[in-house]
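Note sheet for the following structure.
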Amino acid sequence: MLKAFVPAYDIATYENARLARHLFPYSSNLIVGEDATQQALFDIFKLIHTKSVLLMGHGGVNRVYGQNDELAIGLDDVMLNKEGLLRLNVFAWACKTSNGIGTAFQQSANLHSLSGSWWGYNAAITAPNPKELSAFREIFTLIINRFPSAYNESTVSNFGSELKELCESHRLRLISSMAQGRTYRDSHEAAVAFREIWSCLVVRFPDFTYRHLEGEMLSPTIADI
């Protein structure tokens, strides 16, 4: 079963929460807003029927944040396999987690002979734009339907190709509208977000790493750590 963890306390996270409420109409599968605490997240990890988790919030190289920028997952939690975290498939829609906490997850899962995976981003990402809610809903519906069942290089690669195709269709649609003068505030940022969703995604399983061949490879700076 897939669970979602979505803080909501600033503009970016409010937009994540708006999207998440469309994706998860049944509240039992969604922890949102003030309920998005570290303890609530660890309680999810302990549930035996939880197989995959979608995190939507702020992040950094070595951390994922919960409500009000409180720590939700840190490096120690990953390396100590807190509450069985390393058995799960985790999709972190958050900035810059791939090269730090994602790598630690991969190495620790390999060390403990566990099969979990970390789907994270190697750059800062742009929050969903409310003007493009239907497009983001379509994209994230693909994500939540497909990433939990991708388990090897072939299935992950197929997913990555599908994700790119869908995201690029929306990006090119938006660029075409902008070229014809049909634009709105932050339309450029929305187009950037559509590209980031697939191009900055890095998937880390214990025995392999995937990124789309056309995706950007961005490394964090010392200031990000």
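Residues in the structure tokens are named by chain (A, B, ... in the order shown) and by number from 1 within that chain; ligands are numbered from 1 in the order shown.
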- Message: Need to verify the contact set: segment 171-178 of chain A, 8 Å, only C-alpha atoms, exclusion of same-chain residues closer than 5 positions in sequence. Can you return it as a VMD selection string?
- Response: chain A and resid 183 187 190 to 192 194 to 195
- Counting only C-alpha atoms, what is within 9 Å of Ser52 of chain A, bar same-chain residues fewer than 5 positions away, as number ranges by chain? A: 1-4, 87-91, 116, 147-148
- Message: List as a VMD selection string the protein and nucleic acid residues near Arg204 of chain A, meaning an atom at most 10 Å away when only C-alpha atoms are counted, but skip any in the same chain fewer than 5 places from it.
- Response: chain A and resid 89 to 90 98 to 99 102 to 107 109 116 to 120 209 to 211
- From chain A, collect each residue whose DSSP state is strand (DSSP E or B) and return the set as number ranges by chain. A: 2-6, 30-32, 52-56, 59-60, 63-65, 71-74, 89-93, 117-121, 201-205, 208-211
- Message: Run DSSP on the backbone and tell me which residues of segment 36-122 of chain A come out as helix (DSSP H, G or I); list them as a count of residues only.
- Response: 37
- Residue with smallest distance to Gly160 of chain A - pool A:Glu70, A:Glu34, A:Glu214, A:Glu132, counting only C-alpha atoms: A:Glu214
- Task: Within 10 Å of Leu133 of chain A, counting only C-alpha atoms, which residues show up once you throw out same-chain ones fewer than 3 positions away? Write them as a VMD selection string, please.
- Result: chain A and resid 15 18 to 19 22 128 to 130 136 to 139
Residues just named, written with N, CA and C atoms as an mmCIF file, in the first residue's frame:
data_model
loop_
_atom_site.group_PDB
_atom_site.id
_atom_site.type_symbol
_atom_site.label_atom_id
_atom_site.label_comp_id
_atom_site.auth_asym_id
_atom_site.auth_seq_id
_atom_site.Cartn_x
_atom_site.Cartn_y
_atom_site.Cartn_z
ATOM 1 N N GLU A 15 0.905 24.185 -2.197
ATOM 2 C CA GLU A 15 0.588 23.677 -3.536
ATOM 3 C C GLU A 15 0.776 22.161 -3.600
ATOM 4 N N ARG A 18 -2.327 20.784 -1.969
ATOM 5 C CA ARG A 18 -3.486 20.890 -2.856
ATOM 6 C C ARG A 18 -3.500 19.725 -3.850
ATOM 7 N N LEU A 19 -2.339 19.467 -4.449
ATOM 8 C CA LEU A 19 -2.222 18.364 -5.396
ATOM 9 C C LEU A 19 -2.458 17.024 -4.711
ATOM 10 N N HIS A 22 -5.991 15.867 -4.166
ATOM 11 C CA HIS A 22 -6.630 15.330 -5.369
ATOM 12 C C HIS A 22 -6.165 13.901 -5.642
ATOM 13 N N PRO A 128 4.435 22.603 -7.770
ATOM 14 C CA PRO A 128 3.337 22.594 -8.740
ATOM 15 C C PRO A 128 2.670 23.963 -8.847
ATOM 16 N N ASN A 129 2.330 24.345 -10.069
ATOM 17 C CA ASN A 129 1.632 25.602 -10.299
ATOM 18 C C ASN A 129 0.127 25.337 -10.301
ATOM 19 N N PRO A 130 -0.661 26.091 -9.516
ATOM 20 C CA PRO A 130 -2.102 25.823 -9.456
ATOM 21 C C PRO A 130 -2.809 25.957 -10.793
ATOM 22 N N PHE A 136 -0.338 18.421 -13.498
ATOM 23 C CA PHE A 136 0.438 17.817 -12.411
ATOM 24 C C PHE A 136 -0.278 16.599 -11.836
ATOM 25 N N ARG A 137 -1.593 16.659 -11.782
ATOM 26 C CA ARG A 137 -2.348 15.512 -11.281
ATOM 27 C C ARG A 137 -2.152 14.310 -12.206
ATOM 28 N N GLU A 138 -2.169 14.541 -13.518
ATOM 29 C CA GLU A 138 -1.944 13.450 -14.464
ATOM 30 C C GLU A 138 -0.540 12.869 -14.301
ATOM 31 N N ILE A 139 0.450 13.737 -14.155
ATOM 32 C CA ILE A 139 1.834 13.283 -14.011
ATOM 33 C C ILE A 139 2.023 12.495 -12.726
#
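The list of residues with at least one atom within 6 Å of Gly66 of chain A, based on only C-alpha atoms and without residues fewer than 3 positions apart in the same chain, reads A:Pro7, A:Ala36, A:Thr37, A:Asp69, A:Glu70, A:Leu71, A:Ala72.
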Thr126 of chain A environment, 12 Å, only C-alpha atoms, sequence neighbours closer than 4 positions dropped, as a JSON list (two decimals) with C-alpha atoms, in the first residue's frame:
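Okay, out27.json is ready:
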[["chain", "number", "residue", "atom", "x", "y", "z"],
["A", 11, "ILE", "CA", 3.48, 28.61, -0.64],
["A", 12, "ALA", "CA", 5.34, 25.64, -2.13],
["A", 13, "THR", "CA", 4.09, 23.09, 0.39],
["A", 15, "GLU", "CA", 0.59, 23.68, -3.54],
["A", 16, "ASN", "CA", 1.95, 20.20, -2.85],
["A", 56, "MET", "CA", 6.14, 15.88, -0.95],
["A", 57, "GLY", "CA", 7.90, 18.75, 0.77],
["A", 58, "HIS", "CA", 11.16, 20.57, 1.30],
["A", 93, "TRP", "CA", 9.38, 15.03, -4.32],
["A", 94, "ALA", "CA", 11.80, 17.35, -2.55],
["A", 95, "CYS", "CA", 14.93, 19.29, -3.43],
["A", 96, "LYS", "CA", 18.40, 17.72, -3.65],
["A", 121, "TYR", "CA", 16.11, 14.66, -7.16],
["A", 136, "PHE", "CA", 0.44, 17.82, -12.41],
["A", 186, "ASP", "CA", 4.83, 31.93, -13.51],
["A", 187, "SER", "CA", 4.08, 30.04, -16.73],
["A", 188, "HIS", "CA", 7.81, 29.77, -17.43],
["A", 189, "GLU", "CA", 8.37, 28.22, -13.99],
["A", 190, "ALA", "CA", 5.63, 25.68, -14.69],
["A", 191, "ALA", "CA", 7.36, 24.69, -17.93],
["A", 192, "VAL", "CA", 10.63, 24.30, -16.02],
["A", 193, "ALA", "CA", 8.88, 22.12, -13.44],
["A", 194, "PHE", "CA", 7.58, 19.77, -16.13],
["A", 195, "ARG", "CA", 11.15, 19.20, -17.27],
["A", 196, "GLU", "CA", 12.58, 18.84, -13.76],
["A", 197, "ILE", "CA", 10.16, 16.06, -12.82],
["A", 200, "CYS", "CA", 16.45, 15.56, -12.42]]
Which residues are near Gly33 of chain A? Cut-off 8 Å, only C-alpha atoms, ignore same chain within fewer than 2 positions. Put them as a short mmCIF file (atom, residue, chain, number, x, y, z; two decimals) with C-alpha atoms, in the first residue's frame.
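Saved the output as part_38.cif:
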data_model
loop_
_atom_site.label_atom_id
_atom_site.label_comp_id
_atom_site.auth_asym_id
_atom_site.auth_seq_id
_atom_site.Cartn_x
_atom_site.Cartn_y
_atom_site.Cartn_z
CA VAL A 6 2.80 16.10 2.76
CA PRO A 7 3.60 19.10 5.01
CA ALA A 8 1.72 22.35 4.32
CA TYR A 9 3.07 25.59 5.79
CA ALA A 17 -0.89 19.64 -0.38
CA ILE A 31 -0.77 12.54 6.20
CA ASP A 35 -0.20 15.96 11.02
CA ALA A 36 2.99 15.63 8.91
CA GLN A 67 5.74 20.34 8.97
#
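Going from atom CA of Leu86 of chain A over to atom CA of Lys164 of chain A, you cover 27.0 Å.
Distance check against Leu41 of chain A using only C-alpha atoms: of A:Val64, A:Leu23, A:Leu163, A:Ile143, the minimum falls on A:Val64.
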